[in-house]
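Q: Contents are PDB, C-alpha atoms, pLDDT in the B column; file name run-v6.pdb:
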```
ATOM      1  CA  MET A1219     -12.332  -8.517  -1.551  1.00 96.00           C
ATOM      2  CA  PHE A1220      -8.784  -7.124  -1.595  1.00 98.00           C
ATOM      3  CA  THR A1221      -5.791  -9.465  -1.581  1.00 98.00           C
ATOM      4  CA  ILE A1222      -2.005  -9.250  -1.615  1.00 98.00           C
ATOM      5  CA  SER A1223      -0.292 -11.772  -3.879  1.00 98.00           C
ATOM      6  CA  GLU A1224       3.297 -12.951  -3.500  1.00 97.00           C
ATOM      7  CA  THR A1225       3.061 -14.865  -6.785  1.00 97.00           C
ATOM      8  CA  SER A1226       1.717 -14.014 -10.265  1.00 97.00           C
ATOM      9  CA  ILE A1227      -1.820 -12.618 -10.188  1.00 98.00           C
ATOM     10  CA  ASN A1228      -4.300 -15.115 -11.613  1.00 97.00           C
ATOM     11  CA  ALA A1229      -6.555 -12.784 -13.607  1.00 97.00           C
ATOM     12  CA  ASP A1230      -8.765 -15.593 -14.974  1.00 98.00           C
ATOM     13  CA  LYS A1231      -9.554 -16.830 -11.481  1.00 97.00           C
ATOM     14  CA  LEU A1232     -10.309 -13.309 -10.256  1.00 98.00           C
ATOM     15  CA  LYS A1233     -12.591 -12.655 -13.229  1.00 98.00           C
ATOM     16  CA  LYS A1234     -14.560 -15.849 -12.537  1.00 97.00           C
ATOM     17  CA  GLN A1235     -15.041 -14.721  -8.924  1.00 97.00           C
ATOM     18  CA  THR A1236     -16.300 -11.333 -10.118  1.00 97.00           C
ATOM     19  CA  LEU A1237     -18.913 -12.581 -12.600  1.00 95.00           C
ATOM     20  CA  ASP A1238     -22.506 -12.908 -11.445  1.00 95.00           C
ATOM     21  CA  PRO A1239     -25.796 -13.830 -13.175  1.00 96.00           C
ATOM     22  CA  SER A1240     -27.322 -10.514 -12.090  1.00 96.00           C
ATOM     23  CA  ALA A1241     -24.522  -8.501 -13.698  1.00 97.00           C
ATOM     24  CA  GLY A1242     -24.884  -7.098 -17.188  1.00 97.00           C
ATOM     25  CA  GLY A1243     -21.215  -6.235 -17.548  1.00 96.00           C
ATOM     26  CA  PHE A1244     -17.721  -6.316 -16.157  1.00 97.00           C
ATOM     27  CA  ALA A1245     -15.030  -3.595 -16.072  1.00 98.00           C
ATOM     28  CA  CYS A1246     -11.413  -4.465 -15.410  1.00 98.00           C
ATOM     29  CA  PHE A1247      -8.068  -2.711 -15.083  1.00 98.00           C
ATOM     30  CA  GLU A1248      -4.707  -4.470 -15.158  1.00 98.00           C
ATOM     31  CA  GLY A1249      -1.607  -2.518 -14.146  1.00 97.00           C
ATOM     32  CA  TRP A1250       1.654  -3.825 -15.635  1.00 97.00           C
ATOM     33  CA  VAL A1251       5.316  -3.081 -14.983  1.00 95.00           C
ATOM     34  CA  ARG A1252       6.515  -0.757 -17.767  1.00 92.00           C
ATOM     35  CA  ASN A1253      10.083  -0.323 -18.928  1.00 92.00           C
ATOM     36  CA  HIS A1254      10.313   3.399 -18.198  1.00 91.00           C
ATOM     37  CA  ASN A1255       9.312   5.820 -15.458  1.00 89.00           C
ATOM     38  CA  GLN A1256      10.024   9.492 -14.829  1.00 86.00           C
ATOM     39  CA  GLY A1257      12.532   9.586 -17.692  1.00 88.00           C
ATOM     40  CA  LYS A1258      14.512   6.524 -16.601  1.00 90.00           C
ATOM     41  CA  ASP A1259      14.791   3.065 -18.183  1.00 92.00           C
ATOM     42  CA  VAL A1260      13.406   0.538 -15.709  1.00 92.00           C
ATOM     43  CA  THR A1261      14.728  -3.039 -15.622  1.00 92.00           C
ATOM     44  CA  LYS A1262      12.604  -4.480 -12.806  1.00 91.00           C
ATOM     45  CA  LEU A1263      10.875  -3.427  -9.631  1.00 94.00           C
ATOM     46  CA  ALA A1264       9.970  -4.679  -6.204  1.00 96.00           C
ATOM     47  CA  TYR A1265       6.804  -3.961  -4.228  1.00 97.00           C
ATOM     48  CA  GLU A1266       6.767  -4.017  -0.455  1.00 97.00           C
ATOM     49  CA  ALA A1267       3.580  -3.941   1.636  1.00 98.00           C
ATOM     50  CA  TYR A1268       2.570  -3.560   5.237  1.00 98.00           C
ATOM     51  CA  ASN A1269       0.428  -6.639   4.677  1.00 97.00           C
ATOM     52  CA  LYS A1270      -2.036  -6.553   7.565  1.00 97.00           C
ATOM     53  CA  LEU A1271      -2.832  -2.870   7.187  1.00 98.00           C
ATOM     54  CA  ALA A1272      -2.841  -3.075   3.377  1.00 98.00           C
ATOM     55  CA  ILE A1273      -5.482  -5.808   3.424  1.00 98.00           C
ATOM     56  CA  LYS A1274      -7.629  -3.861   5.919  1.00 98.00           C
ATOM     57  CA  GLU A1275      -7.404  -0.616   3.942  1.00 98.00           C
ATOM     58  CA  GLY A1276      -7.942  -2.372   0.599  1.00 98.00           C
ATOM     59  CA  ASN A1277     -11.095  -4.035   1.901  1.00 98.00           C
ATOM     60  CA  ARG A1278     -12.337  -0.688   3.258  1.00 98.00           C
ATOM     61  CA  ILE A1279     -11.963   0.722  -0.271  1.00 98.00           C
ATOM     62  CA  ILE A1280     -13.944  -2.182  -1.770  1.00 98.00           C
ATOM     63  CA  GLN A1281     -16.711  -1.584   0.806  1.00 98.00           C
ATOM     64  CA  GLU A1282     -16.747   2.132  -0.056  1.00 98.00           C
ATOM     65  CA  ALA A1283     -17.146   1.249  -3.750  1.00 98.00           C
ATOM     66  CA  HIS A1284     -20.144  -0.936  -2.887  1.00 98.00           C
ATOM     67  CA  LYS A1285     -21.756   1.980  -1.012  1.00 98.00           C
ATOM     68  CA  LYS A1286     -21.000   4.606  -3.671  1.00 98.00           C
ATOM     69  CA  TYR A1287     -21.943   2.662  -6.801  1.00 98.00           C
ATOM     70  CA  ALA A1288     -24.617   0.127  -7.779  1.00 98.00           C
ATOM     71  CA  ILE A1289     -22.194  -2.748  -8.320  1.00 98.00           C
ATOM     72  CA  THR A1290     -22.561  -6.483  -7.896  1.00 98.00           C
ATOM     73  CA  LYS A1291     -19.067  -7.723  -7.028  1.00 98.00           C
ATOM     74  CA  ALA A1292     -15.621  -6.119  -6.787  1.00 98.00           C
ATOM     75  CA  PHE A1293     -12.183  -7.642  -6.376  1.00 98.00           C
ATOM     76  CA  CYS A1294      -8.690  -6.189  -6.296  1.00 98.00           C
ATOM     77  CA  SER A1295      -5.367  -7.955  -6.005  1.00 98.00           C
ATOM     78  CA  HIS A1296      -1.952  -6.294  -5.669  1.00 98.00           C
ATOM     79  CA  ARG A1297       1.301  -8.099  -6.296  1.00 98.00           C
ATOM     80  CA  ILE A1298       4.324  -7.784  -3.986  1.00 98.00           C
ATOM     81  CA  GLY A1299       7.904  -9.029  -4.323  1.00 97.00           C
ATOM     82  CA  LEU A1300      10.186  -8.844  -7.348  1.00 97.00           C
ATOM     83  CA  LEU A1301       8.486  -8.142 -10.706  1.00 97.00           C
ATOM     84  CA  GLU A1302       9.867  -8.093 -14.233  1.00 95.00           C
ATOM     85  CA  ILE A1303       8.835  -5.831 -17.118  1.00 95.00           C
ATOM     86  CA  GLY A1304       5.348  -6.811 -18.310  1.00 96.00           C
ATOM     87  CA  ASP A1305       4.353  -8.549 -15.075  1.00 97.00           C
ATOM     88  CA  MET A1306       0.944  -7.678 -13.668  1.00 98.00           C
ATOM     89  CA  ALA A1307       1.233  -5.487 -10.577  1.00 97.00           C
ATOM     90  CA  VAL A1308      -2.430  -4.856  -9.846  1.00 98.00           C
ATOM     91  CA  TRP A1309      -5.804  -6.198 -10.990  1.00 98.00           C
ATOM     92  CA  VAL A1310      -9.197  -4.559 -10.378  1.00 98.00           C
ATOM     93  CA  GLY A1311     -12.474  -6.069 -11.571  1.00 98.00           C
ATOM     94  CA  VAL A1312     -16.044  -4.925 -10.992  1.00 98.00           C
ATOM     95  CA  SER A1313     -19.318  -6.464 -12.170  1.00 98.00           C
ATOM     96  CA  ALA A1314     -22.550  -4.480 -12.214  1.00 98.00           C
ATOM     97  CA  ALA A1315     -26.010  -4.464 -13.740  1.00 98.00           C
ATOM     98  CA  HIS A1316     -25.011  -1.458 -15.884  1.00 97.00           C
ATOM     99  CA  ARG A1317     -21.716  -0.203 -17.341  1.00 97.00           C
ATOM    100  CA  ASP A1318     -21.586   3.244 -15.751  1.00 98.00           C
ATOM    101  CA  ALA A1319     -21.316   1.905 -12.205  1.00 98.00           C
ATOM    102  CA  ALA A1320     -18.798  -0.752 -13.260  1.00 98.00           C
ATOM    103  CA  PHE A1321     -16.469   1.757 -14.946  1.00 98.00           C
ATOM    104  CA  LYS A1322     -16.710   4.307 -12.142  1.00 98.00           C
ATOM    105  CA  ALA A1323     -16.212   1.795  -9.340  1.00 98.00           C
ATOM    106  CA  CYS A1324     -13.222   0.235 -11.116  1.00 98.00           C
ATOM    107  CA  ARG A1325     -11.589   3.668 -11.419  1.00 98.00           C
ATOM    108  CA  TYR A1326     -12.451   4.554  -7.813  1.00 98.00           C
ATOM    109  CA  ILE A1327     -10.928   1.357  -6.414  1.00 98.00           C
ATOM    110  CA  LEU A1328      -7.714   1.741  -8.406  1.00 98.00           C
ATOM    111  CA  ASP A1329      -7.258   5.430  -7.545  1.00 98.00           C
ATOM    112  CA  GLN A1330      -7.914   4.852  -3.841  1.00 98.00           C
ATOM    113  CA  VAL A1331      -5.640   1.798  -3.677  1.00 98.00           C
ATOM    114  CA  LYS A1332      -2.776   3.772  -5.229  1.00 97.00           C
ATOM    115  CA  ALA A1333      -3.292   6.659  -2.804  1.00 96.00           C
ATOM    116  CA  ARG A1334      -4.103   4.871   0.451  1.00 97.00           C
ATOM    117  CA  VAL A1335      -2.998   1.243   0.613  1.00 98.00           C
ATOM    118  CA  PRO A1336       0.442   0.940   2.274  1.00 98.00           C
ATOM    119  CA  ILE A1337       2.392  -0.541  -0.618  1.00 98.00           C
ATOM    120  CA  TRP A1338       5.693   0.886  -1.877  1.00 97.00           C
ATOM    121  CA  LYS A1339       7.544   0.556  -5.170  1.00 96.00           C
ATOM    122  CA  ASN A1340      11.318   0.220  -5.475  1.00 95.00           C
ATOM    123  CA  GLU A1341      12.576   0.548  -9.053  1.00 92.00           C
ATOM    124  CA  SER A1342      15.803  -0.779 -10.524  1.00 92.00           C
ATOM    125  CA  TRP A1343      17.176   1.192 -13.470  1.00 93.00           C
ATOM    126  CA  VAL A1344      19.349   0.319 -16.438  1.00 92.00           C
ATOM    127  CA  ASP A1345      22.316   2.202 -14.871  1.00 91.00           C
ATOM    128  CA  GLY A1346      22.362  -0.339 -12.013  1.00 90.00           C
ATOM    129  CA  GLU A1347      20.923   2.070  -9.452  1.00 91.00           C
ATOM    130  CA  SER A1348      17.644   1.598  -7.629  1.00 91.00           C
ATOM    131  CA  GLY A1349      15.363   3.711  -5.468  1.00 92.00           C
ATOM    132  CA  TRP A1350      12.007   4.118  -3.771  1.00 93.00           C
ATOM    133  CA  ILE A1351       9.416   5.851  -5.907  1.00 88.00           C
ATOM    134  CA  ASP A1352       7.268   8.716  -4.667  1.00 80.00           C
ATOM    135  CA  GLN A1353       3.550   8.826  -5.253  1.00 72.00           C
ATOM    136  CA  GLU A1354       2.597   9.707  -8.840  1.00 64.00           C
TER     137      GLU A1354
ATOM    138  CA  MET B 718       6.719   5.373  32.723  1.00 77.00           C
ATOM    139  CA  ASN B 719       8.894   3.192  30.502  1.00 91.00           C
ATOM    140  CA  LYS B 720       7.111   1.276  27.773  1.00 95.00           C
ATOM    141  CA  ASN B 721       8.559  -1.536  25.681  1.00 97.00           C
ATOM    142  CA  ILE B 722       7.596  -0.932  22.081  1.00 97.00           C
ATOM    143  CA  GLU B 723       8.458  -2.070  18.588  1.00 98.00           C
ATOM    144  CA  ILE B 724       8.804   0.330  15.661  1.00 98.00           C
ATOM    145  CA  LEU B 725       8.418  -0.685  12.006  1.00 98.00           C
ATOM    146  CA  PHE B 726       9.777   1.328   9.078  1.00 97.00           C
ATOM    147  CA  PHE B 727       8.676   0.823   5.490  1.00 97.00           C
ATOM    148  CA  GLY B 728       9.790   1.955   2.029  1.00 95.00           C
ATOM    149  CA  LYS B 729      12.323   4.763   1.968  1.00 95.00           C
ATOM    150  CA  LEU B 730      11.986   5.263   5.731  1.00 96.00           C
ATOM    151  CA  LYS B 731      13.944   1.993   6.148  1.00 96.00           C
ATOM    152  CA  GLU B 732      16.878   3.806   4.552  1.00 94.00           C
ATOM    153  CA  THR B 733      16.304   6.900   6.682  1.00 94.00           C
ATOM    154  CA  TRP B 734      16.655   4.847   9.866  1.00 95.00           C
ATOM    155  CA  ASN B 735      18.914   2.148   8.340  1.00 95.00           C
ATOM    156  CA  THR B 736      16.628  -0.596   9.636  1.00 96.00           C
ATOM    157  CA  ASN B 737      13.138  -2.002   9.195  1.00 96.00           C
ATOM    158  CA  LYS B 738      12.581  -2.599  12.904  1.00 97.00           C
ATOM    159  CA  LEU B 739      13.569  -1.070  16.235  1.00 96.00           C
ATOM    160  CA  LYS B 740      12.804  -2.366  19.702  1.00 96.00           C
ATOM    161  CA  LEU B 741      13.172   0.131  22.501  1.00 95.00           C
ATOM    162  CA  LYS B 742      12.068   1.356  25.904  1.00 96.00           C
ATOM    163  CA  THR B 743      10.519   4.785  25.709  1.00 96.00           C
ATOM    164  CA  ASN B 744       9.147   7.457  28.006  1.00 94.00           C
ATOM    165  CA  SER B 745       7.335   9.120  25.115  1.00 96.00           C
ATOM    166  CA  ASP B 746       3.605   9.385  25.726  1.00 96.00           C
ATOM    167  CA  ASP B 747       2.415   9.702  22.152  1.00 97.00           C
ATOM    168  CA  ILE B 748       3.613   9.083  18.610  1.00 97.00           C
ATOM    169  CA  GLU B 749       4.563  12.714  18.048  1.00 96.00           C
ATOM    170  CA  SER B 750       7.023  12.678  20.961  1.00 96.00           C
ATOM    171  CA  LEU B 751       8.296   9.208  20.024  1.00 97.00           C
ATOM    172  CA  TYR B 752       9.056  10.505  16.529  1.00 96.00           C
ATOM    173  CA  THR B 753      11.034  13.413  17.999  1.00 95.00           C
ATOM    174  CA  GLU B 754      12.883  10.936  20.237  1.00 95.00           C
ATOM    175  CA  ILE B 755      13.976   8.662  17.377  1.00 95.00           C
ATOM    176  CA  LEU B 756      14.926  11.502  15.000  1.00 94.00           C
ATOM    177  CA  SER B 757      18.413  11.388  16.542  1.00 91.00           C
ATOM    178  CA  LYS B 758      18.806   7.866  15.103  1.00 91.00           C
ATOM    179  CA  ALA B 759      17.845   8.954  11.563  1.00 92.00           C
ATOM    180  CA  ALA B 760      20.482   9.289   8.852  1.00 90.00           C
ATOM    181  CA  GLN B 761      18.477  12.063   7.162  1.00 87.00           C
ATOM    182  CA  THR B 762      15.624  14.277   8.290  1.00 87.00           C
ATOM    183  CA  PRO B 763      12.459  12.840   6.762  1.00 88.00           C
ATOM    184  CA  HIS B 764       9.570  14.914   5.432  1.00 90.00           C
ATOM    185  CA  LYS B 765       7.298  14.469   8.455  1.00 92.00           C
ATOM    186  CA  GLU B 766       4.187  15.924   6.787  1.00 93.00           C
ATOM    187  CA  SER B 767       4.146  13.055   4.289  1.00 94.00           C
ATOM    188  CA  ILE B 768       4.460  10.288   6.903  1.00 96.00           C
ATOM    189  CA  LYS B 769       1.432   8.290   8.091  1.00 97.00           C
ATOM    190  CA  VAL B 770       1.466   6.435  11.377  1.00 98.00           C
ATOM    191  CA  ALA B 771      -0.129   3.213  12.597  1.00 98.00           C
ATOM    192  CA  ILE B 772      -0.387   1.369  15.885  1.00 98.00           C
ATOM    193  CA  ASN B 773      -0.996  -2.374  15.971  1.00 98.00           C
ATOM    194  CA  ASP B 774      -1.948  -2.556  12.280  1.00 97.00           C
ATOM    195  CA  GLU B 775      -4.388   0.378  12.245  1.00 97.00           C
ATOM    196  CA  PHE B 776      -3.943   3.979  11.048  1.00 98.00           C
ATOM    197  CA  VAL B 777      -3.914   6.496  13.913  1.00 98.00           C
ATOM    198  CA  ASP B 778      -3.091  10.191  14.297  1.00 97.00           C
ATOM    199  CA  TRP B 779       0.134  11.656  15.692  1.00 98.00           C
ATOM    200  CA  GLN B 780      -1.422  12.464  19.058  1.00 97.00           C
ATOM    201  CA  THR B 781      -2.407   8.849  19.784  1.00 98.00           C
ATOM    202  CA  ALA B 782      -1.086   7.612  23.152  1.00 97.00           C
ATOM    203  CA  ILE B 783       1.479   4.817  23.260  1.00 97.00           C
ATOM    204  CA  THR B 784       1.003   1.882  25.599  1.00 97.00           C
ATOM    205  CA  ASP B 785       3.349  -0.916  26.643  1.00 97.00           C
ATOM    206  CA  GLY B 786       3.701  -3.593  23.974  1.00 97.00           C
ATOM    207  CA  ASP B 787       2.536  -1.420  21.057  1.00 98.00           C
ATOM    208  CA  CYS B 788       3.838  -1.969  17.539  1.00 98.00           C
ATOM    209  CA  ILE B 789       4.168   1.454  15.900  1.00 98.00           C
ATOM    210  CA  ALA B 790       4.686   1.869  12.161  1.00 98.00           C
ATOM    211  CA  PHE B 791       5.971   4.881  10.230  1.00 98.00           C
ATOM    212  CA  LEU B 792       4.756   4.828   6.624  1.00 97.00           C
ATOM    213  CA  PRO B 793       5.948   6.951   3.687  1.00 96.00           C
ATOM    214  CA  PRO B 794       3.379   7.923   1.014  1.00 96.00           C
ATOM    215  CA  ALA B 795       1.980   4.866  -0.746  1.00 96.00           C
ATOM    216  CA  SER B 796       3.313   4.180  -4.242  1.00 95.00           C
ATOM    217  CA  GLY B 797       1.547   1.004  -5.283  1.00 94.00           C
ATOM    218  CA  GLY B 798      -0.424   0.391  -8.450  1.00 91.00           C
TER     219      GLY B 798
END
```
Just give me the structure as structure tokens.

A:
Amino acid sequence: MFTISETSINADKLKKQTLDPSAGGFACFEGWVRNHNQGKDVTKLAYEAYNKLAIKEGNRIIQEAHKKYAITKAFCSHRIGLLEIGDMAVWVGVSAAHRDAAFKACRYILDQVKARVPIWKNESWVDGESGWIDQE
Amino acid sequence: MNKNIEILFFGKLKETWNTNKLKLKTNSDDIESLYTEILSKAAQTPHKESIKVAINDEFVDWQTAITDGDCIAFLPPASGG
């Protein structure tokens, strides 16, 4: 399941939802707001989403991961709104019988979410300016 | 035939059109011609090749026909994660 969160991402809750007795392992990626980007000092950032389409596209990506890899459960949550340095922006977790599928599916979900889900980042810099960030 | 539509802009395209939402009557038959129509309202010329389009919360292509009551969204490249 893919969700958009307007408040802090609850990683513990998401992990509990991802665990399963048939799974032999769990792979997870947490994306955090860092204090620099493209040579500039970042003070905070804001994420905006086209919520309805983002949730549809995010769930399509999770379904694709289930078809491509032998995984048990997969969840992804993306934060929107104003975030400070160190805040969690995205969480991906995948459980599977074996590690290879868990690692690969976790990477696939994150890469596809970054490329396809309609969410946009607006950074604020130490010089007081701010701007929309292009795809990395 | 005139159609009443709503247009949504996201990310940097909000700055390009100086708004996040437009309501208008249009004679444009598809998204491609609607885009050409609203370019006159844009503060800068956007990079069209990088824009994705959606109608009523679903991705579509530029040749998709517009019908009365549609909500059309112009989306810059995603930059989440």

Q: May I have the residues of chain A within 6 Å of chain B, counting only C-alpha atoms, written as a list of chain:residue names?

A: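 Taking only C-alpha atoms into account, A:Leu1271, A:Val1308, A:Lys1332, A:Ala1333, A:Pro1336, A:Ile1337, A:Trp1338, A:Lys1339, A:Trp1350, A:Gln1353 sit within 6 Å of chain B.
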
Q: Can you list what the PyMOL selection byres ((chain A and resi 1274-1277) around 8) grabs from this structure, as a PyMOL selection string?

A: chain A and resi 1219-1221+1270-1273+1278-1281+1294+1331+1334-1335

Q: Written as a short mmCIF file (atom, residue, chain, number, x, y, z; two decimals) with C-alpha atoms, in the coordinates of the input, what is the full residue list that the PyMOL selection byres ((chain B and resi 760) around 10) yields on the file shown?

A:
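Final file, out15.cif:
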```cif
data_model
loop_
_atom_site.label_atom_id
_atom_site.label_comp_id
_atom_site.auth_asym_id
_atom_site.auth_seq_id
_atom_site.Cartn_x
_atom_site.Cartn_y
_atom_site.Cartn_z
CA LEU B 730 11.99 5.26 5.73
CA GLU B 732 16.88 3.81 4.55
CA THR B 733 16.30 6.90 6.68
CA TRP B 734 16.66 4.85 9.87
CA ASN B 735 18.91 2.15 8.34
CA LEU B 756 14.93 11.50 15.00
CA SER B 757 18.41 11.39 16.54
CA LYS B 758 18.81 7.87 15.10
CA ALA B 759 17.84 8.95 11.56
CA GLN B 761 18.48 12.06 7.16
CA THR B 762 15.62 14.28 8.29
CA PRO B 763 12.46 12.84 6.76
#
```

Q: List the neighbours of B:Lys742 out to 6 Å using all atoms listed in the file; skip same-chain residues closer than 2 positions along the sequence, and give me the result as a compact mmCIF listing (two decimals) with C-alpha atoms, in the coordinates of the input.

A:
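Heads up, here's the output in result-v5.txt:
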```txt
# COMPACT_ATOMS: atom_id res chain seq x y z
CA ASN B 719 8.89 3.19 30.50
CA LYS B 720 7.11 1.28 27.77
CA ASN B 721 8.56 -1.54 25.68
```

Q: Give the answer as one residue: which of A:Ala1323, A:Met1306, A:Ala1267, A:Ala1315 has the shortest atom-to-atom distance to A:Ala1292, using only C-alpha atoms?

A: A:Ala1323

Q: Applied to the shown file, which residues does the PyMOL selection byres ((chain A and resi 1227-1243) around 6) return, written as JSON, numbers by chain?

A: {"A": [1226, 1244, 1291, 1313, 1314, 1315, 1316]}

Q: Which neighbours of B:Asn744 fall inside 12 Å, counting all atoms listed in the file, when residues of the same chain fewer than 5 positions from it are skipped, and could you give them as number ranges by chain?

A: B: 718-722, 750-755, 782-785

Q: Let me make sure I understand: among B:Ile724, B:Lys731, B:Ile748, B:Phe791, which one has the smallest atom-to-atom distance to B:Ser767 if we use all atoms listed in the file?

A: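 For B:Ser767, the nearest of the given residues is B:Phe791.
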